[in-house]
>>> print(open('query-v7.tsv').read())   # TSV, C-alpha atoms
chain	number	residue	atom	x	y	z
A	223	MET	CA	16.92	21.16	7.92
A	224	ASN	CA	19.27	18.69	9.59
A	225	ARG	CA	16.80	16.04	10.52
A	226	SER	CA	13.54	15.31	8.80
A	227	PRO	CA	11.46	12.27	9.72
A	228	HIS	CA	9.44	12.89	6.59
A	229	VAL	CA	12.49	12.47	4.40
A	230	LEU	CA	13.59	9.41	6.35
A	231	ASP	CA	10.16	7.92	5.87
A	232	GLU	CA	10.31	8.69	2.17
A	233	LEU	CA	13.83	7.34	1.57
A	234	SER	CA	12.66	3.78	1.03
A	235	ALA	CA	10.41	4.85	-1.84
A	236	TYR	CA	13.18	7.12	-3.10
A	237	VAL	CA	15.68	4.28	-3.51
A	238	ASP	CA	13.01	2.37	-5.42
A	239	GLY	CA	12.31	5.28	-7.73
A	240	GLU	CA	8.74	5.38	-6.40
A	241	SER	CA	8.84	8.68	-4.51
A	242	ASN	CA	6.72	11.59	-5.65
A	243	CYS	CA	9.20	14.09	-4.27
A	244	ALA	CA	12.46	12.71	-5.60
A	245	ASP	CA	13.92	16.11	-6.51
A	246	GLN	CA	13.27	17.48	-3.05
A	247	ILE	CA	14.86	14.44	-1.43
A	248	ALA	CA	17.88	14.57	-3.71
A	249	ARG	CA	18.48	18.18	-2.67
A	250	HIS	CA	17.98	17.33	0.99
A	251	LEU	CA	20.48	14.48	0.84
A	252	GLN	CA	23.18	16.89	-0.26
A	253	SER	CA	22.80	18.95	2.89
A	254	CYS	CA	21.82	16.40	5.54
A	255	PRO	CA	24.53	13.93	6.61
A	256	GLU	CA	22.14	11.82	8.65
A	257	CYS	CA	19.70	11.27	5.82
A	258	ALA	CA	22.59	10.76	3.41
A	259	ARG	CA	24.01	8.05	5.68
A	260	ARG	CA	20.61	6.39	5.94
A	261	HIS	CA	20.29	6.55	2.18
A	262	VAL	CA	23.59	4.71	1.77
A	263	GLU	CA	22.48	2.12	4.34
A	264	LEU	CA	19.28	1.47	2.43
A	265	LEU	CA	21.23	1.02	-0.77
A	266	LYS	CA	23.54	-1.45	0.95
A	267	ILE	CA	20.62	-3.38	2.41
A	268	SER	CA	19.04	-3.57	-1.01
A	269	SER	CA	22.31	-4.77	-2.50
A	270	HIS	CA	22.83	-7.42	0.20
A	271	VAL	CA	19.34	-8.86	-0.22
A	272	LYS	CA	19.65	-8.92	-3.99
A	273	ALA	CA	22.96	-10.73	-3.63
A	274	LEU	CA	21.44	-13.63	-1.70
A	275	GLU	CA	22.11	-16.64	-3.81
A	276	SER	CA	19.36	-18.16	-5.86
A	277	THR	CA	18.13	-21.55	-4.83
A	278	GLU	CA	19.10	-24.38	-7.06
A	279	VAL	CA	16.14	-26.28	-8.37
A	280	HIS	CA	15.84	-29.99	-8.74
A	281	PRO	CA	16.36	-30.77	-12.41
A	282	ALA	CA	13.19	-32.85	-12.53
A	283	PHE	CA	10.97	-30.17	-11.01
A	284	VAL	CA	9.18	-29.15	-14.21
A	285	THR	CA	8.70	-32.77	-15.23
A	286	ARG	CA	7.28	-33.57	-11.81
A	287	VAL	CA	4.84	-30.67	-11.92
A	288	MET	CA	3.66	-31.61	-15.39
A	289	ALA	CA	3.16	-35.22	-14.29
A	290	HIS	CA	0.76	-33.95	-11.60
A	291	VAL	CA	-0.85	-31.53	-14.02
A	292	THR	CA	-1.83	-34.32	-16.37
A	293	GLU	CA	-3.75	-35.90	-13.48
A	294	THR	CA	-5.57	-32.65	-12.77
A	295	GLN	CA	-8.53	-31.23	-14.61
A	296	PRO	CA	-8.95	-27.47	-14.75
A	297	ALA	CA	-11.96	-26.33	-12.78
A	298	HIS	CA	-14.85	-24.88	-14.72
A	299	ARG	CA	-16.47	-21.59	-14.06
A	300	TRP	CA	-19.19	-23.19	-11.95
A	301	LEU	CA	-18.37	-21.27	-8.81
A	302	PRO	CA	-20.19	-17.96	-8.88
A	303	ARG	CA	-18.17	-14.92	-8.07
A	304	LEU	CA	-18.37	-14.30	-4.36
A	305	SER	CA	-20.38	-11.35	-3.34
A	306	ILE	CA	-19.55	-9.27	-0.34
A	307	ARG	CA	-22.72	-10.65	1.22
A	308	LEU	CA	-21.38	-14.18	1.05
A	309	VAL	CA	-18.16	-13.03	2.63
A	310	ALA	CA	-20.26	-11.38	5.31
A	311	ALA	CA	-22.14	-14.62	5.87
A	312	LEU	CA	-18.88	-16.50	6.19
A	313	CYS	CA	-17.52	-14.02	8.65
A	314	GLY	CA	-20.77	-14.22	10.58
A	315	THR	CA	-20.35	-17.95	10.88
A	316	ILE	CA	-16.82	-17.41	12.08
A	317	LEU	CA	-17.90	-14.95	14.70
A	318	VAL	CA	-20.64	-17.22	15.99
A	319	ALA	CA	-18.12	-20.04	16.18
A	320	ALA	CA	-15.58	-17.83	17.86
A	321	ALA	CA	-18.01	-16.53	20.44
A	322	SER	CA	-19.48	-19.97	21.14
A	323	TRP	CA	-16.11	-21.57	21.46
A	324	HIS	CA	-14.93	-18.90	23.80
A	325	TRP	CA	-17.95	-19.04	26.09
A	326	VAL	CA	-18.23	-22.81	26.13
A	327	SER	CA	-14.56	-23.43	26.64
A	328	PRO	CA	-12.80	-20.27	27.68
A	329	ALA	CA	-9.11	-20.28	26.90
A	330	PRO	CA	-6.47	-18.49	28.91
A	331	THR	CA	-6.34	-14.85	27.95
A	332	PRO	CA	-3.09	-14.07	26.14
A	333	ALA	CA	-1.06	-11.09	27.22
A	334	GLY	CA	-2.04	-7.85	25.56
A	335	VAL	CA	-5.66	-8.80	24.85
A	336	ARG	CA	-8.11	-6.15	25.82
A	337	PRO	CA	-11.01	-7.43	27.93
A	338	GLU	CA	-13.72	-5.63	25.98
A	339	ALA	CA	-12.56	-7.49	22.92
A	340	GLN	CA	-14.89	-10.41	23.51
A	341	ARG	CA	-17.92	-8.30	22.59
A	342	VAL	CA	-18.58	-9.22	19.02
A	343	ASN	CA	-21.39	-7.54	17.19
A	344	LEU	CA	-23.32	-10.14	15.26
A	345	ALA	CA	-26.17	-7.89	14.22
A	346	TRP	CA	-24.59	-6.35	11.21
A	347	GLN	CA	-26.76	-4.79	8.61
A	348	ASP	CA	-24.28	-3.88	5.95
A	349	ASP	CA	-20.82	-4.59	4.64
A	350	ALA	CA	-19.18	-2.18	7.04
A	351	MET	CA	-20.30	-4.40	9.88
A	352	VAL	CA	-18.15	-7.19	8.50
A	353	VAL	CA	-15.13	-4.98	8.78
A	354	GLU	CA	-16.14	-3.87	12.22
A	355	ALA	CA	-16.52	-7.47	13.33
A	356	LEU	CA	-13.19	-8.45	11.85
A	357	SER	CA	-11.60	-5.50	13.55
A	358	GLN	CA	-13.08	-6.58	16.84
A	359	LEU	CA	-11.73	-10.06	16.30
A	360	MET	CA	-8.31	-8.62	15.71
A	361	ASP	CA	-8.55	-6.22	18.62
A	362	ALA	CA	-9.63	-9.10	20.79
A	363	GLY	CA	-6.83	-11.34	19.67
A	364	LEU	CA	-9.62	-13.86	19.11
A	365	PRO	CA	-8.01	-15.42	16.06
A	366	VAL	CA	-5.05	-16.22	18.24
A	367	ASP	CA	-7.02	-17.19	21.29
A	368	VAL	CA	-9.67	-19.22	19.59
A	369	PHE	CA	-8.23	-20.35	16.31
A	370	GLY	CA	-4.51	-20.02	16.85
A	371	ALA	CA	-4.24	-18.62	13.37
A	372	LEU	CA	-2.47	-15.31	13.51
A	373	ASP	CA	1.15	-15.05	14.39
A	374	ASP	CA	0.98	-11.92	16.46
A	375	PRO	CA	-2.17	-9.93	17.24
A	376	MET	CA	-0.09	-6.86	17.93
A	377	ASP	CA	1.64	-6.96	14.57
A	378	ALA	CA	0.75	-3.89	12.56
A	379	ASP	CA	0.34	-5.98	9.44
A	380	VAL	CA	-2.20	-8.35	10.89
A	381	PRO	CA	-5.20	-6.63	9.31
A	382	ILE	CA	-3.83	-7.33	5.88
A	383	VAL	CA	-3.71	-11.05	6.46
A	384	ALA	CA	-6.69	-11.24	8.76
A	385	LEU	CA	-9.21	-12.28	6.18
A	386	ASP	CA	-7.03	-15.09	4.88
A	387	SER	CA	-6.29	-16.18	8.41
A	388	VAL	CA	-9.87	-16.19	9.54
A	389	ILE	CA	-11.09	-18.13	6.54
A	390	GLU	CA	-8.19	-20.53	6.84
A	391	SER	CA	-9.06	-21.00	10.49
A	392	LEU	CA	-12.60	-21.75	9.55
A	393	ALA	CA	-11.32	-24.39	7.17
A	394	ASP	CA	-9.31	-25.90	10.00
A	395	SER	CA	-12.25	-25.78	12.35
A	396	SER	CA	-14.48	-27.55	9.87
A	397	ALA	CA	-12.31	-30.65	10.16
A	398	GLY	CA	-13.15	-31.40	13.77
A	399	GLU	CA	-15.89	-29.12	15.01
A	400	ASP	CA	-19.53	-28.60	14.21
A	401	VAL	CA	-19.28	-24.93	13.49
A	402	VAL	CA	-19.43	-24.71	9.73
A	403	ASP	CA	-21.93	-27.29	8.57
A	404	PRO	CA	-22.82	-25.56	5.31
A	405	PHE	CA	-19.23	-25.55	4.12
A	406	THR	CA	-16.86	-28.34	3.42
A	407	GLN	CA	-13.14	-27.76	3.51
A	408	ASP	CA	-13.01	-27.96	-0.29
A	409	ASP	CA	-15.68	-25.28	-0.47
A	410	LEU	CA	-13.59	-23.08	1.73
A	411	ILE	CA	-10.48	-23.65	-0.33
A	412	ASP	CA	-12.54	-22.57	-3.32
A	413	VAL	CA	-13.67	-19.55	-1.38
A	414	MET	CA	-10.11	-18.64	-0.52
A	415	ASP	CA	-9.03	-18.98	-4.10
A	416	ALA	CA	-11.96	-16.96	-5.30
A	417	LEU	CA	-11.24	-14.17	-2.84
A	418	THR	CA	-8.75	-12.52	-5.09
A	419	GLY	CA	-10.72	-9.72	-6.65
A	420	ASP	CA	-12.77	-6.74	-5.69
A	421	ASP	CA	-14.20	-8.39	-2.59
A	422	VAL	CA	-10.84	-8.73	-0.93
A	423	GLN	CA	-9.81	-5.33	-2.17
A	424	LEU	CA	-12.89	-3.78	-0.63
A	425	LEU	CA	-12.38	-5.53	2.67
A	426	ASN	CA	-8.72	-4.67	2.76
A	427	ASN	CA	-9.44	-1.06	1.94
A	428	LEU	CA	-11.96	-0.88	4.74
A	429	LEU	CA	-9.58	-2.62	7.11
A	430	GLU	CA	-6.89	-0.14	6.21
A	431	ILE	CA	-9.25	2.71	6.90
A	432	HIS	CA	-10.01	1.16	10.26
A	433	GLU	CA	-6.30	0.64	10.89
A	434	ASN	CA	-5.53	4.24	10.09
A	435	GLU	CA	-8.35	5.44	12.30
A	436	VAL	CA	-7.02	3.37	15.17
B	176	MET	CA	5.75	-20.86	-28.93
B	177	ARG	CA	8.60	-19.62	-26.74
B	178	ASP	CA	8.04	-16.14	-28.14
B	179	LEU	CA	4.47	-15.97	-26.85
B	180	ASP	CA	3.80	-13.77	-23.86
B	181	ASP	CA	2.42	-15.22	-20.63
B	182	TRP	CA	-1.25	-14.55	-21.26
B	183	ALA	CA	-1.02	-15.98	-24.76
B	184	LEU	CA	0.37	-19.15	-23.20
B	185	VAL	CA	-2.45	-19.12	-20.66
B	186	ALA	CA	-4.97	-18.86	-23.50
B	187	ARG	CA	-3.39	-21.87	-25.20
B	188	ALA	CA	-3.30	-23.82	-21.96
B	189	GLN	CA	-6.98	-23.01	-21.42
B	190	SER	CA	-7.72	-24.70	-24.72
B	191	GLY	CA	-5.90	-27.82	-23.61
B	192	ASP	CA	-2.35	-27.22	-24.80
B	193	SER	CA	-0.28	-28.75	-22.00
B	194	ASP	CA	2.98	-27.74	-23.72
B	195	ALA	CA	1.94	-24.11	-23.27
B	196	PHE	CA	1.40	-24.69	-19.57
B	197	ALA	CA	4.73	-26.50	-19.32
B	198	LEU	CA	6.38	-23.46	-20.84
B	199	LEU	CA	4.80	-21.26	-18.18
B	200	VAL	CA	6.10	-23.59	-15.49
B	201	HIS	CA	9.52	-23.56	-17.08
B	202	ARG	CA	9.47	-19.77	-17.33
B	203	TYR	CA	8.54	-19.10	-13.71
B	204	HIS	CA	9.61	-22.06	-11.61
B	205	ALA	CA	13.05	-20.76	-10.68
B	206	PRO	CA	12.01	-17.33	-9.29
B	207	LEU	CA	8.97	-18.89	-7.67
B	208	ILE	CA	10.98	-21.58	-5.87
B	209	HIS	CA	13.53	-18.97	-4.86
B	210	PHE	CA	10.76	-16.85	-3.33
B	211	CYS	CA	9.23	-19.84	-1.53
B	212	TYR	CA	12.64	-20.93	-0.27
B	213	ARG	CA	13.38	-17.54	1.21
B	214	MET	CA	9.95	-17.50	2.83
B	215	ALA	CA	9.85	-21.10	4.05
B	216	GLY	CA	13.52	-21.73	4.78
B	217	SER	CA	13.50	-25.25	3.43
B	218	ARG	CA	14.46	-26.19	-0.08
B	219	GLN	CA	12.26	-29.28	-0.21
B	220	ASP	CA	9.25	-27.47	1.24
B	221	ALA	CA	9.84	-24.60	-1.16
B	222	GLU	CA	9.62	-26.96	-4.11
B	223	ASP	CA	6.49	-28.55	-2.67
B	224	ILE	CA	4.86	-25.15	-2.23
B	225	ALA	CA	5.87	-24.04	-5.72
B	226	GLN	CA	4.45	-27.24	-7.15
B	227	GLU	CA	1.17	-26.58	-5.36
B	228	VAL	CA	1.14	-23.04	-6.76
B	229	PHE	CA	1.34	-24.39	-10.29
B	230	LEU	CA	-1.27	-27.06	-9.63
B	231	ARG	CA	-3.67	-24.47	-8.23
B	232	LEU	CA	-2.96	-22.26	-11.18
B	233	TYR	CA	-3.79	-25.13	-13.51
B	234	ARG	CA	-6.88	-26.08	-11.54
B	235	TYR	CA	-8.23	-22.55	-11.89
B	236	LEU	CA	-6.88	-21.98	-15.36
B	237	ASN	CA	-10.31	-21.42	-16.85
B	238	ARG	CA	-11.07	-18.68	-14.36
B	239	LEU	CA	-8.03	-16.62	-15.21
B	240	ASN	CA	-8.56	-13.44	-17.13
B	241	PRO	CA	-5.73	-11.39	-18.58
B	242	GLN	CA	-5.06	-8.70	-16.04
B	243	ALA	CA	-1.96	-6.76	-15.13
B	244	LYS	CA	1.05	-9.04	-15.05
B	245	PHE	CA	0.73	-12.80	-15.02
B	246	SER	CA	3.50	-12.94	-12.41
B	247	THR	CA	1.33	-11.07	-9.91
B	248	VAL	CA	-1.32	-13.80	-10.19
B	249	LEU	CA	1.32	-16.46	-9.65
B	250	PHE	CA	2.96	-14.75	-6.70
B	251	GLY	CA	-0.45	-13.95	-5.25
B	252	ILE	CA	-1.12	-17.68	-4.98
B	253	ALA	CA	2.41	-18.18	-3.62
B	254	ARG	CA	1.78	-15.52	-1.02
B	255	ASN	CA	-1.28	-17.33	0.31
B	256	LEU	CA	0.38	-20.73	0.31
B	257	THR	CA	3.59	-19.59	2.00
B	258	LEU	CA	1.68	-17.77	4.73
B	259	ASN	CA	-0.46	-20.87	5.26
B	260	TYR	CA	2.70	-22.96	5.39
B	261	LEU	CA	4.29	-20.73	8.00
B	262	ARG	CA	1.14	-20.79	10.11
B	263	ASP	CA	1.06	-24.58	9.91
B	264	MET	CA	4.71	-24.77	10.91
B	265	LYS	CA	4.06	-22.55	13.87
B	266	ARG	CA	1.11	-24.67	14.98
B	267	ARG	CA	3.30	-27.75	14.77
B	268	GLY	CA	5.94	-26.05	16.85
B	269	ARG	CA	8.56	-25.89	14.11
B	270	GLY	CA	8.26	-22.13	13.82
B	271	ARG	CA	11.47	-20.35	13.06
B	272	SER	CA	13.55	-23.45	13.65
B	273	ILE	CA	13.10	-24.09	9.94
B	274	SER	CA	14.42	-20.67	9.10
B	275	LEU	CA	17.59	-20.11	7.17
B	276	GLU	CA	19.28	-18.98	10.35
B	277	GLY	CA	21.88	-21.61	11.16
B	278	GLN	CA	21.88	-22.59	7.51
B	279	PRO	CA	20.80	-26.21	7.89
B	280	GLU	CA	19.37	-26.09	4.39
B	281	LEU	CA	22.03	-24.06	2.71
B	282	GLU	CA	24.29	-26.89	1.65
B	283	SER	CA	23.05	-27.76	-1.76
B	284	THR	CA	21.75	-31.16	-2.49
B	285	TYR	CA	22.34	-30.50	-6.14
B	286	GLY	CA	26.00	-29.62	-6.17
B	287	ARG	CA	26.22	-25.89	-5.50
B	288	PRO	CA	29.81	-24.72	-5.88
B	289	ALA	CA	31.71	-23.53	-2.83
B	290	HIS	CA	31.54	-19.83	-2.04
B	291	ASP	CA	34.06	-17.34	-1.02
B	292	ALA	CA	34.12	-17.40	2.78
B	293	ARG	CA	33.50	-13.70	3.18
B	294	LEU	CA	30.59	-13.64	0.78
B	295	LYS	CA	29.11	-16.59	2.56
B	296	GLU	CA	29.49	-14.87	5.89
B	297	ILE	CA	27.71	-11.78	4.58
B	298	GLU	CA	24.98	-13.94	3.10
B	299	SER	CA	24.62	-15.74	6.38
B	300	GLN	CA	24.22	-12.51	8.33
B	301	VAL	CA	21.63	-11.14	5.91
B	302	GLU	CA	19.72	-14.41	5.97
B	303	ALA	CA	19.74	-14.46	9.75
B	304	ALA	CA	18.34	-10.95	9.88
B	305	MET	CA	15.75	-11.71	7.20
B	306	ALA	CA	14.63	-14.77	9.13
B	307	LYS	CA	13.83	-12.60	12.12
B	308	LEU	CA	11.46	-10.39	10.16
B	309	SER	CA	7.75	-11.06	10.28
B	310	PRO	CA	6.57	-13.12	7.29
B	311	GLU	CA	4.80	-10.07	5.86
B	312	HIS	CA	7.91	-7.91	6.10
B	313	ARG	CA	10.13	-10.64	4.69
B	314	MET	CA	7.68	-11.17	1.84
B	315	ILE	CA	7.46	-7.56	0.78
B	316	ILE	CA	11.25	-7.20	0.76
B	317	LEU	CA	11.60	-10.34	-1.33
B	318	LEU	CA	8.99	-9.18	-3.82
B	319	ARG	CA	10.78	-5.88	-4.22
B	320	GLU	CA	14.44	-6.82	-4.05
B	321	MET	CA	14.51	-10.32	-5.48
B	322	GLN	CA	11.57	-10.34	-7.85
B	323	GLY	CA	12.08	-6.71	-8.81
B	324	MET	CA	8.37	-5.91	-8.65
B	325	ASP	CA	7.28	-2.30	-8.70
B	326	TYR	CA	4.86	-1.00	-6.08
B	327	ASP	CA	1.82	-1.55	-8.30
B	328	GLY	CA	2.76	-5.18	-8.81
B	329	ILE	CA	3.40	-5.74	-5.13
B	330	ALA	CA	0.05	-4.14	-4.31
B	331	GLU	CA	-1.65	-6.64	-6.60
B	332	VAL	CA	0.15	-9.59	-5.05
B	333	LEU	CA	-0.61	-8.45	-1.51
B	334	GLN	CA	-4.10	-7.22	-2.37
B	335	CYS	CA	-3.55	-3.87	-0.76
B	336	ARG	CA	-3.11	-0.24	-1.73
B	337	LYS	CA	0.03	1.14	-3.26
B	338	GLY	CA	0.36	3.47	-0.28
B	339	THR	CA	0.35	0.47	2.02
B	340	VAL	CA	3.14	-1.11	0.00
B	341	LYS	CA	5.18	2.05	0.36
B	342	SER	CA	4.74	2.33	4.13
B	343	ARG	CA	5.09	-1.38	4.83
B	344	LEU	CA	8.22	-1.68	2.75
B	345	ALA	CA	9.73	1.28	4.58
B	346	ARG	CA	8.91	-0.35	7.94
B	347	ALA	CA	10.29	-3.70	6.80
B	348	ARG	CA	13.56	-2.15	5.64
B	349	GLU	CA	13.89	-0.19	8.85
B	350	HIS	CA	13.38	-3.36	10.86
B	351	LEU	CA	15.97	-5.16	8.74
B	352	ARG	CA	18.40	-2.26	9.18
B	353	ILE	CA	18.00	-2.40	12.96
B	354	LEU	CA	18.53	-6.16	12.96
B	355	LEU	CA	21.71	-5.78	10.93
B	356	ILE	CA	22.93	-3.10	13.32
B	357	GLU	CA	22.21	-5.43	16.24
B	358	GLN	CA	24.43	-8.01	14.54
B	359	GLY	CA	27.27	-5.52	14.64
B	360	GLY	CA	26.37	-3.26	11.77
B	361	GLU	CA	29.44	-4.13	9.75
B	362	LEU	CA	27.34	-4.74	6.66
B	363	LEU	CA	26.12	-1.16	6.74
>>> encode(input="query-v7.tsv", output="structure tokens")
Amino acid sequence: MNRSPHVLDELSAYVDGESNCADQIARHLQSCPECARRHVELLKISSHVKALESTEVHPAFVTRVMAHVTETQPAHRWLPRLSIRLVAALCGTILVAAASWHWVSPAPTPAGVRPEAQRVNLAWQDDAMVVEALSQLMDAGLPVDVFGALDDPMDADVPIVALDSVIESLADSSAGEDVVDPFTQDDLIDVMDALTGDDVQLLNNLLEIHENEV
Amino acid sequence: MRDLDDWALVARAQSGDSDAFALLVHRYHAPLIHFCYRMAGSRQDAEDIAQEVFLRLYRYLNRLNPQAKFSTVLFGIARNLTLNYLRDMKRRGRGRSISLEGQPELESTYGRPAHDARLKEIESQVEAAMAKLSPEHRMIILLREMQGMDYDGIAEVLQCRKGTVKSRLARAREHLRILLIEQGGELL
């Protein structure tokens, strides 16, 4: 075997010691010059990045942080853990805002946006609909078109940051538009901070499934 | 108290011991600022972001439960704040102009010693290539190479599956490799 995309794909995990087929790869590297060369390149890249110099820190940094900390009170556990339903409600609000904004004040369509993307299904009945709606937003490039939140709708990693981006966009929108009356910006910051557990994991997992299916 | 592990310090901080929290800040501020600097491209902004990470951590101190590694909680907050920062910069039109490419921020304000010219050149080329990566690709490489996180830890920080870490890191490295080749490939 002179060339194996599978081994090339696996080399990154191999150099990290995270590959499940390390023995097989080690044997392959002895007989495949191309993969062996790529292996050396990955090691060099790793070495170069590790060698980037550490940033020097202002000597008063810790003191400055602690001065701010003394002015801050830790939050209590008053905020209930977000359920997936609340996330769904939030996303629903976003979609209504997105659709309304688009129809009331249509923006120029960015390159690469598919026309059918503007059809957003608001009649979800279960959690999967949230994912479907988010996926449609991403497919549509709506976060870019409407909110200007995502860097690149065609980026393969967008689904991973989509939830953060959409909620952040909602926070931005709440400052000047009448789309999120029930939520203040502080509420949304709390929401973002609370979205660190199973809810996000579930949504990300579903988004990944969608991504893989696409 | 310096011998206490992170979660023991968190427990003390939760009961009002500010010295315990200060020790956590002292323990993690350097790698955190380094991460933020490499993401944001500005030393001052990196310190501001890192400060906000610690303030948010303190604000939500009573909601923290011992889980996995404390560092993944910290870098999870940093992840959100740096991505927000980069989005804000893009909206304001600063975008990549604040990147490390061109090294406007590299000259230390705090007296960094002069470097060997060749090493600096290599560093400059790597930084330029890193700056061209997407924030998500740059982030995952930093978490792996600079913070030394394993795939489980990175998955916790990025809130994704371990398999996603593996594939995304491979894509990020491949992109970085191509960028270095486009620069002449002499580093490879």
>>> residues_around(input="query-v7.tsv", residues="Ala347 in chain B", least_positions_apart="2", cutoff="9 Å", atoms="all atoms listed in the file", output="ChimeraX atom specification")
/B:308-309,311-313,315-316,342-345,349-352
>>> interface_residues(input="query-v7.tsv", of="chain B", to="chain A", cutoff="8 Å", atoms="all atoms listed in the file", output="PyMOL selection string")
chain B and resi 197+200-201+204-205+208-209+212+218+222+226+229-230+233-238+255+259+262+266+283+285+287+297-298+301-302+311+317+320-321+326+334-336+341-342+344-345+348+352+362-363
>>> residues_around(input="query-v7.tsv", residues="Pro241 in chain B", least_positions_apart="4", cutoff="12 Å", atoms="all atoms listed in the file", output="list of chain:residue names")
B:Asp180, B:Asp181, B:Trp182, B:Ala183, B:Leu184, B:Val185, B:Ala186, B:Leu236, B:Asn237, B:Phe245, B:Ser246, B:Thr247, B:Val248
>>> closest_residue(input="query-v7.tsv", among="B:Ala243, B:Leu198, B:Leu318, B:Leu354", to="Leu179 in chain B", atoms="all atoms listed in the file")
B:Leu198
>>> atom_distance(input="query-v7.tsv", atom1="CA of Ser299 in chain B", atom2="CA of Ile356 in chain B")
14.5 Å
>>> decode(input="query-v7.tsv", residues="range 230-241 of chain B", atoms="N, CA and C atoms", output="JSON list (two decimals), in the first residue's frame")
[["chain", "number", "residue", "atom", "x", "y", "z"],
["B", 230, "LEU", "N", -13.36, 36.78, 36.13],
["B", 230, "LEU", "CA", -14.50, 37.43, 36.79],
["B", 230, "LEU", "C", -15.77, 36.61, 36.59],
["B", 231, "ARG", "N", -15.94, 36.06, 35.38],
["B", 231, "ARG", "CA", -17.10, 35.20, 35.15],
["B", 231, "ARG", "C", -17.01, 33.95, 36.00],
["B", 232, "LEU", "N", -15.82, 33.42, 36.08],
["B", 232, "LEU", "CA", -15.63, 32.23, 36.91],
["B", 232, "LEU", "C", -16.03, 32.55, 38.36],
["B", 233, "TYR", "N", -15.61, 33.69, 38.84],
["B", 233, "TYR", "CA", -15.93, 34.06, 40.22],
["B", 233, "TYR", "C", -17.43, 34.31, 40.38],
["B", 234, "ARG", "N", -18.00, 34.96, 39.38],
["B", 234, "ARG", "CA", -19.43, 35.27, 39.44],
["B", 234, "ARG", "C", -20.26, 33.98, 39.55],
["B", 235, "TYR", "N", -19.80, 32.94, 38.86],
["B", 235, "TYR", "CA", -20.57, 31.70, 38.84],
["B", 235, "TYR", "C", -19.92, 30.61, 39.70],
["B", 236, "LEU", "N", -19.13, 31.09, 40.64],
["B", 236, "LEU", "CA", -18.39, 30.17, 41.50],
["B", 236, "LEU", "C", -19.30, 29.16, 42.20],
["B", 237, "ASN", "N", -20.43, 29.64, 42.66],
["B", 237, "ASN", "CA", -21.32, 28.77, 43.43],
["B", 237, "ASN", "C", -22.07, 27.77, 42.57],
["B", 238, "ARG", "N", -21.95, 27.92, 41.26],
["B", 238, "ARG", "CA", -22.61, 26.94, 40.39],
["B", 238, "ARG", "C", -21.65, 25.85, 39.91],
["B", 239, "LEU", "N", -20.38, 26.04, 40.23],
["B", 239, "LEU", "CA", -19.40, 25.06, 39.76],
["B", 239, "LEU", "C", -19.48, 23.78, 40.57],
["B", 240, "ASN", "N", -19.43, 22.69, 39.86],
["B", 240, "ASN", "CA", -19.36, 21.38, 40.52],
["B", 240, "ASN", "C", -18.10, 20.68, 40.03],
["B", 241, "PRO", "N", -17.41, 20.00, 40.94],
["B", 241, "PRO", "CA", -16.20, 19.29, 40.50],
["B", 241, "PRO", "C", -16.52, 18.33, 39.37]]
